[in-house]
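Novice: There's a structure below that I have some questions on.
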Amino acid sequence: LCHNIDSARPVLQPCPPSPRKTHNPRMPQPRIAVYLPSLKLPFRQALAAAGRMGAEGVVLDARRDVPPAEMTATATRQIRKWLDDAHLQLAALHFPTRHGYATLEGLEARIEATRRVMKLARELGCGWVVNHLGRLPEKEDPAWSLLKEVVTDLGRYGQHVGALLAAETGSESGAELARFLEELPAGTIGVTLSPGNLVANGYSPLEAGQALGPHIVHVHATDAVYDPHARRGQEVA
């Protein structure tokens with residue numbers, strides 16, 4: 001693995017590139033990136049701090065740092081210039097949603113918002129949008145087919161615009177997520193492995209890494225402790 005993200009929670013990004021349409025093959029992807037909001041500094045100061053830390057790139061929060069509704073062509077060019085001036089690349093946009101893609105409530109709006117962020121990611125020069133899929137339904141549940149349809153549609157759109165979704169782990173075991181990914185067309189989606197999320201929910205990061213290896217595009221360097229009596233965990237780093 002190569003490294004990629006987050007100061008308090010650095011992310012590791014494996015060497016294999018994202019799908020062919022996602023990145024300029026002549027532009028190397030950052031191996032260590034910082035999740036910019038974790039620095040708790042104004043945007044440009046945070047970029048400078050990330051550079052001083054030795055990071056090669058950053059992960060931005062799509063809601064806080066670059067809300068799509070405010071990203072005009074001029075604003076997009078300005079962000080790219082600030083990144084260039086700081087000698088940083090954009091590794092991913094983080095776009096957490098309250099519900100996953102199998103929850104009917106607000107689903108159409110959630111899909112459309114995700115599409116806007118995927119398009120913005122490519123305009124800003126990166127090929128990944130990080131979000132959770134939501135808790136996977138049982139395969140016999142109609143929601144399983146719905147989730148498969150929605151994620152396939154997002155993957156198709158992502159291949160068109162040049163930026164894909166990277167599903168963050170934690171809601172289920174790596175083996176469960178891998179079984180779902182096996183039913184999707186190749187190149188539909190990547191995975192952001194989050195060890196802290198997995199431990200906090202009682203799952204093994206090692207087993208998840210083994211199950212999801214070919215799909216992993218980022219690794220959140222997080223940690224957590226699990227309390228078997230309380231049957232829950234807490235992130236600690």
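In the structure tokens, chains take letters A, B, ... by order of appearance, with residues numbered from 1 within each chain and ligands from 1 in the order shown.
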Once you count only C-alpha atoms, what closest atom pair and distance in Å to one decimal does each residue of segment 85-122 of chain A within 12 Å of segment 169-193 of chain A have, with rows by chain and rising residue number, as CSV?
Specialist:
residue,atom,partner,partner_atom,distance
A:Ala91,CA,A:Thr192,CA,11.9
A:Ala92,CA,A:Thr192,CA,10.5
A:Leu93,CA,A:Thr192,CA,11.9
A:His94,CA,A:Thr192,CA,10.7
A:His99,CA,A:Ser171,CA,11.9
A:Gly100,CA,A:Ser171,CA,10.4
Novice: Among segment 110-228 of chain A, which residues carry a DSSP assignment of helix (DSSP H, G or I), reported as a ChimeraX atom specification?
Specialist: /A:110-123,142-161,174-181,195-200,205-215
Novice: Those residues with C-alpha atoms, as a PDB file, in the first residue's frame please?
Specialist:
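Result file follows (result24.pdb):
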ATOM      1  CA  ARG A 110     -29.139  11.912  -2.475  1.00  0.00           C
ATOM      2  CA  ILE A 111     -28.334  10.384  -5.862  1.00  0.00           C
ATOM      3  CA  GLU A 112     -28.431  13.754  -7.590  1.00  0.00           C
ATOM      4  CA  ALA A 113     -26.220  15.349  -4.908  1.00  0.00           C
ATOM      5  CA  THR A 114     -23.717  12.505  -5.251  1.00  0.00           C
ATOM      6  CA  ARG A 115     -23.626  12.997  -9.009  1.00  0.00           C
ATOM      7  CA  ARG A 116     -22.917  16.703  -8.580  1.00  0.00           C
ATOM      8  CA  VAL A 117     -20.024  15.937  -6.245  1.00  0.00           C
ATOM      9  CA  MET A 118     -18.621  13.321  -8.639  1.00  0.00           C
ATOM     10  CA  LYS A 119     -18.663  15.857 -11.458  1.00  0.00           C
ATOM     11  CA  LEU A 120     -17.064  18.472  -9.224  1.00  0.00           C
ATOM     12  CA  ALA A 121     -14.351  16.022  -8.158  1.00  0.00           C
ATOM     13  CA  ARG A 122     -13.290  15.572 -11.748  1.00  0.00           C
ATOM     14  CA  GLU A 123     -13.400  19.328 -12.397  1.00  0.00           C
ATOM     15  CA  PRO A 142     -35.835  -5.877  -2.129  1.00  0.00           C
ATOM     16  CA  ALA A 143     -33.569  -3.129  -0.804  1.00  0.00           C
ATOM     17  CA  TRP A 144     -30.564  -5.225  -1.921  1.00  0.00           C
ATOM     18  CA  SER A 145     -31.687  -4.964  -5.548  1.00  0.00           C
ATOM     19  CA  LEU A 146     -32.385  -1.264  -5.092  1.00  0.00           C
ATOM     20  CA  LEU A 147     -28.900  -0.641  -3.711  1.00  0.00           C
ATOM     21  CA  LYS A 148     -27.335  -2.634  -6.515  1.00  0.00           C
ATOM     22  CA  GLU A 149     -29.294  -0.638  -9.106  1.00  0.00           C
ATOM     23  CA  VAL A 150     -28.411   2.734  -7.566  1.00  0.00           C
ATOM     24  CA  VAL A 151     -24.705   1.976  -7.143  1.00  0.00           C
ATOM     25  CA  THR A 152     -24.490   0.577 -10.674  1.00  0.00           C
ATOM     26  CA  ASP A 153     -26.136   3.736 -11.995  1.00  0.00           C
ATOM     27  CA  LEU A 154     -23.715   5.928 -10.030  1.00  0.00           C
ATOM     28  CA  GLY A 155     -20.811   3.872 -11.335  1.00  0.00           C
ATOM     29  CA  ARG A 156     -22.001   4.306 -14.902  1.00  0.00           C
ATOM     30  CA  TYR A 157     -22.314   8.044 -14.360  1.00  0.00           C
ATOM     31  CA  GLY A 158     -18.913   8.175 -12.672  1.00  0.00           C
ATOM     32  CA  GLN A 159     -17.241   6.435 -15.597  1.00  0.00           C
ATOM     33  CA  HIS A 160     -18.825   9.030 -17.867  1.00  0.00           C
ATOM     34  CA  VAL A 161     -17.620  12.079 -15.898  1.00  0.00           C
ATOM     35  CA  GLY A 174     -15.258  -6.825   4.579  1.00  0.00           C
ATOM     36  CA  ALA A 175     -16.522 -10.206   3.389  1.00  0.00           C
ATOM     37  CA  GLU A 176     -20.122  -8.952   3.306  1.00  0.00           C
ATOM     38  CA  LEU A 177     -19.158  -5.852   1.345  1.00  0.00           C
ATOM     39  CA  ALA A 178     -17.038  -7.943  -1.029  1.00  0.00           C
ATOM     40  CA  ARG A 179     -20.017 -10.197  -1.769  1.00  0.00           C
ATOM     41  CA  PHE A 180     -22.046  -7.145  -2.746  1.00  0.00           C
ATOM     42  CA  LEU A 181     -19.265  -5.722  -4.924  1.00  0.00           C
ATOM     43  CA  PRO A 195      -9.783   0.227  10.121  1.00  0.00           C
ATOM     44  CA  GLY A 196     -11.177   2.402  12.927  1.00  0.00           C
ATOM     45  CA  ASN A 197     -14.736   2.127  11.626  1.00  0.00           C
ATOM     46  CA  LEU A 198     -14.379  -1.633  11.292  1.00  0.00           C
ATOM     47  CA  VAL A 199     -12.975  -2.131  14.813  1.00  0.00           C
ATOM     48  CA  ALA A 200     -15.632   0.161  16.288  1.00  0.00           C
ATOM     49  CA  PRO A 205      -9.587  -4.782   9.503  1.00  0.00           C
ATOM     50  CA  LEU A 206      -7.155  -7.523   8.478  1.00  0.00           C
ATOM     51  CA  GLU A 207      -9.925  -9.785   7.236  1.00  0.00           C
ATOM     52  CA  ALA A 208     -11.574  -6.832   5.495  1.00  0.00           C
ATOM     53  CA  GLY A 209      -8.331  -5.946   3.760  1.00  0.00           C
ATOM     54  CA  GLN A 210      -7.934  -9.518   2.559  1.00  0.00           C
ATOM     55  CA  ALA A 211     -11.514  -9.714   1.294  1.00  0.00           C
ATOM     56  CA  LEU A 212     -11.563  -6.304  -0.365  1.00  0.00           C
ATOM     57  CA  GLY A 213      -7.950  -6.034  -1.550  1.00  0.00           C
ATOM     58  CA  PRO A 214      -8.564  -5.619  -5.304  1.00  0.00           C
ATOM     59  CA  HIS A 215     -11.184  -2.922  -4.660  1.00  0.00           C
TER      60      HIS A 215
END
Novice: Using only C-alpha atoms, which residue out of A:Leu36, A:Ala221, A:Ala163, A:Val66 lies closest to Ala48 of chain A?
Specialist: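 Under the stated criterion, the closest residue is A:Leu36.
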Novice: By how many Å are atom CA of Val129 of chain A and atom CA of Tyr203 of chain A apart?
Specialist: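 Straight-line distance from atom CA of Val129 of chain A to atom CA of Tyr203 of chain A works out to 23.6 Å.
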